[in-house]
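Undergrad: I am attaching a structure below and will ask some questions about it afterwards.
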Amino acid sequence: MFDVLIHGGLVVDGTGAPPYPADVGVRDGRIETVGGPSAEAVPAAVGIDATGRLVAPGFVDAHVHGDATVLDPGVQLAALRQGVTTFVLGQDGLSFAPSSPSTLRFVTRYFAAINGAHPALGDGPVSVAELLASYDGTTALNTVYLVPHGTVRHAAGADPAAMLRMVERGLEEGAAGLSSGLEYIPGRYGDAAELAALCAPLARAGLPYVTHMRGYEQAAAAGMAEARAIAERSGAALHVSHYHGPGAELAGMVDDALAAGLDVTFDSYPYLSGFSILAMVALPRDLDDPDLDRIVARLHEPEVRRRLARETDPTLWHRAVLAHVPVADLAWAEGRSVAEAAAEAGREPAAFCAELLIATRLAASCVFAQPPGNDDASMRLLLRHPAHLGGSDGIHIGGHPHPRGFGAFARFLGRHVRELGDWTWQEAVGHLAAGPARRFRLHDRGEIRPGMAADLVVIDPDRVGDVADYSRPRVLAEGIDDVLVGGVPVLAGGALTGARPGRPLRPR
């Protein structure tokens, strides 16, 4: 008897083969058979009729900020309704481990609007092993973790030898790479030499260096040159996070690196607006300070406020829509642009922004329209690139977040496969499951064949799609109603089953 038998569907197996009719039998968490016998011939504890639907390996979100929210059933539901069964965490150089107590306080506060607060870590310190253990059997999703450079830099006091030891230990404890966030504190203070030294253990282990570059759009060429130099000096594979901007230029830089023999991939999401903490988007870089209270204090200074009014691109106040405002008296501003909220408060936009950051202790975030260089044609060109992997950059904190956390993968399928034909179904599975599994050395994920872990999704190709938009960002996707993680049904009829078979996945 199978534990689960998915019968009557078309299998998209992750090898690049077109969909073909087959039943998938699951036993003890793994795929046992693909093909016959039929559902009538072999009994199963759970049968899933996939007639008229596609059966695919579970999707791996290559870039998502679910470090705390992966424990939230509402976030698990949002991911599973898109077919995502694995989150890659530790992004942009900032997360909860490895950290000292002071580092844990810093990253929790600084990235409060991005990662949230992990409910089970206490006051620290926290090792990578301890963080991974917090995801074991506590969520419906699998997790993969990257050692975050900014966290390491803060905890080690920027001491090179101490940082290297922390990276090596993190990899020994199960991390699948190193991430950097070169526009955030304190990662932005590290240079290429520092990062190349920290990437040396990655090269030996065959794991990637994953980077939020030191600039996108107009600064993308310089950011990519630095990322490439780090990969060349260290020998590590390179993966660029949320790659966006002028498509032909960005694709050309990837092609040049590949032609030079580098191992390069990138992720991107199918939207033309970004999301970040308001302080990074709005404040001059010379206000950056690892002491967050000093930044707050500077915002009281009249000259700083005059600089905000004088130096900030005035279009930003209209382009930036407040996503997370964790102060009761100002929560009404969520969903409004800074300019709209300022007008309602009777303040000038720069003054209102400063007062909002003071009131929230820098824990405000915003959705913002990206510059014209990132247009629909550029976004589609990049997602068709063979080096592209699917990533949502999903952030689930706040009353009005970016819709990408609730719809990116469904949008890939509904808009870019069914409606636009940017991918075939088998190409979509390559970008969303098989490719990310290979990149992070998840050798038993990403394909449907005997012996592989049974992370499986059943897709209605005529109905799958995103519903969340910028006005209603938390609406669940449609068209994926049945999902298995580790052979266990976690989504049935579009609802959570309550099972929590998710595991921290270690590279193999």
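Going by the structure tokens order, chains are called A, B, ..., each with residues numbered from 1, while ligands are numbered from 1 in the order shown.
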Give me, as a PDB file with N, CA and C atoms, in the first residue's frame, all polymer residues having an atom no more than 7 Å from Leu442 of chain A, counting only C-alpha atoms and skipping those fewer than 4 positions away in the same chain.
TA:
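selection34.pdb, written as the output of this step:
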```pdb
ATOM      1  N   ALA A 437      17.016  23.643  -6.765  1.00  0.00           N
ATOM      2  CA  ALA A 437      17.484  22.468  -6.024  1.00  0.00           C
ATOM      3  C   ALA A 437      18.941  22.169  -6.355  1.00  0.00           C
ATOM      4  N   ARG A 438      19.301  22.293  -7.627  1.00  0.00           N
ATOM      5  CA  ARG A 438      20.701  22.069  -8.007  1.00  0.00           C
ATOM      6  C   ARG A 438      21.602  23.146  -7.418  1.00  0.00           C
ATOM      7  N   PRO A 507      22.745  20.842   2.416  1.00  0.00           N
ATOM      8  CA  PRO A 507      23.290  20.466   1.119  1.00  0.00           C
ATOM      9  C   PRO A 507      23.955  19.105   1.182  1.00  0.00           C
ATOM     10  N   ARG A 508      23.862  18.362   0.069  1.00  0.00           N
ATOM     11  CA  ARG A 508      24.435  17.019   0.010  1.00  0.00           C
ATOM     12  C   ARG A 508      25.192  16.828  -1.290  1.00  0.00           C
TER      13      ARG A 508
END
```
Undergrad: Among segment 305-428 of chain A, which residues carry a DSSP assignment of strand (DSSP E), reported as a short mmCIF file (atom, residue, chain, number, x, y, z; two decimals) with N, CA and C atoms, in the first residue's frame?
TA:
```
data_model
loop_
_atom_site.label_atom_id
_atom_site.label_comp_id
_atom_site.auth_asym_id
_atom_site.auth_seq_id
_atom_site.Cartn_x
_atom_site.Cartn_y
_atom_site.Cartn_z
N ALA A 320 6.71 55.74 -3.05
CA ALA A 320 6.86 54.85 -1.90
C ALA A 320 5.55 54.75 -1.13
N VAL A 321 5.00 53.53 -1.08
CA VAL A 321 3.74 53.27 -0.37
C VAL A 321 4.08 52.53 0.92
N LEU A 322 3.61 53.04 2.02
CA LEU A 322 3.96 52.48 3.33
C LEU A 322 3.33 51.10 3.51
N ALA A 323 4.18 50.15 3.87
CA ALA A 323 3.75 48.76 4.01
C ALA A 323 3.57 48.35 5.47
N HIS A 324 4.51 48.77 6.30
CA HIS A 324 4.51 48.35 7.71
C HIS A 324 4.81 49.58 8.56
N SER A 365 8.49 50.11 6.67
CA SER A 365 8.89 49.62 5.35
C SER A 365 7.97 50.19 4.30
N CYS A 366 8.37 50.00 3.03
CA CYS A 366 7.57 50.56 1.94
C CYS A 366 7.71 49.73 0.67
N VAL A 367 6.67 49.75 -0.12
CA VAL A 367 6.69 49.26 -1.50
C VAL A 367 6.96 50.48 -2.38
N PHE A 368 7.85 50.34 -3.34
CA PHE A 368 8.18 51.51 -4.16
C PHE A 368 8.32 51.13 -5.63
N ALA A 369 7.82 51.98 -6.49
CA ALA A 369 7.96 51.77 -7.92
C ALA A 369 9.42 51.92 -8.32
N HIS A 388 18.29 32.00 -14.85
CA HIS A 388 17.27 32.53 -13.93
C HIS A 388 16.69 31.43 -13.04
N LEU A 389 16.52 31.75 -11.75
CA LEU A 389 15.80 30.92 -10.80
C LEU A 389 14.66 31.73 -10.21
N GLY A 390 13.61 31.06 -9.84
CA GLY A 390 12.46 31.76 -9.28
C GLY A 390 12.70 32.17 -7.83
#
```
Undergrad: Give the answer as one residue: which of A:Tyr189, A:Trp425, A:Phe412, A:Tyr470 has the shortest atom-to-atom distance to Arg336 of chain A, using only C-alpha atoms?
TA: A:Tyr470
Undergrad: I'd like to know which of A:Arg384, A:Arg214, A:Arg169, A:Arg418 is closest to Phe266 of chain A, using only C-alpha atoms.
TA: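 Smallest separation from Phe266 of chain A among the options: A:Arg384.
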Undergrad: Give me the residues within 10 Å of Gly35 of chain A as an NGL selection string, counting only C-alpha atoms and dropping any in the same chain fewer than 4 places off.
TA: :A and (7 or 11 or 20-25 or 449)
Undergrad: Could those residues be written to a file, using N, CA and C atoms, as a CSV table (one decimal), in the first residue's frame?
TA:
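To be explicit, this is the file written out as selection-v4.csv:
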```
chain,number,residue,atom,x,y,z
A,7,HIS,N,-3.0,10.1,-8.9
A,7,HIS,CA,-3.3,9.4,-10.1
A,7,HIS,C,-4.1,10.3,-11.1
A,11,VAL,N,2.5,14.4,-15.5
A,11,VAL,CA,3.7,14.6,-14.7
A,11,VAL,C,4.7,15.5,-15.4
A,20,TYR,N,3.8,14.2,-19.2
A,20,TYR,CA,3.4,12.9,-19.7
A,20,TYR,C,2.4,12.3,-18.6
A,21,PRO,N,1.5,11.4,-19.1
A,21,PRO,CA,0.6,10.8,-18.1
A,21,PRO,C,1.3,9.8,-17.2
A,22,ALA,N,1.1,9.9,-15.9
A,22,ALA,CA,1.7,8.9,-15.0
A,22,ALA,C,1.1,9.1,-13.7
A,23,ASP,N,1.0,8.0,-12.9
A,23,ASP,CA,0.7,8.0,-11.5
A,23,ASP,C,1.9,8.1,-10.7
A,24,VAL,N,1.9,8.7,-9.5
A,24,VAL,CA,3.0,8.9,-8.6
A,24,VAL,C,2.7,8.2,-7.3
A,25,GLY,N,3.4,7.2,-7.0
A,25,GLY,CA,3.2,6.5,-5.7
A,25,GLY,C,4.2,6.9,-4.7
A,449,ARG,N,11.1,11.4,-9.6
A,449,ARG,CA,11.6,10.1,-10.0
A,449,ARG,C,11.8,9.2,-8.8
```
Undergrad: Of the candidates A:Ile31, A:Leu476, A:Ala62, A:Ile277, which shows the shortest atom-to-atom distance to His239 of chain A, using only C-alpha atoms?
TA: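 Closest candidate: A:Ala62.
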Undergrad: Between A:Arg380, A:His416, A:Arg503, A:His402, single out the one closest to Ile114 of chain A, counting only C-alpha atoms.
TA: A:His402
Undergrad: Taking into account only C-alpha atoms, which residue in the set A:Ile397, A:Ala229, A:Leu250, A:Ala219 is nearest to Ala112 of chain A?
TA: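 Once distances to Ala112 of chain A are computed over only C-alpha atoms, the minimum belongs to A:Ile397.
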Undergrad: Go through A:Ile295, A:Leu383, A:Ile6, A:Leu456 and flag the residue nearest Gly421 of chain A, using only C-alpha atoms for the distances.
TA: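 Closest to Gly421 of chain A of all the choices is A:Leu383.
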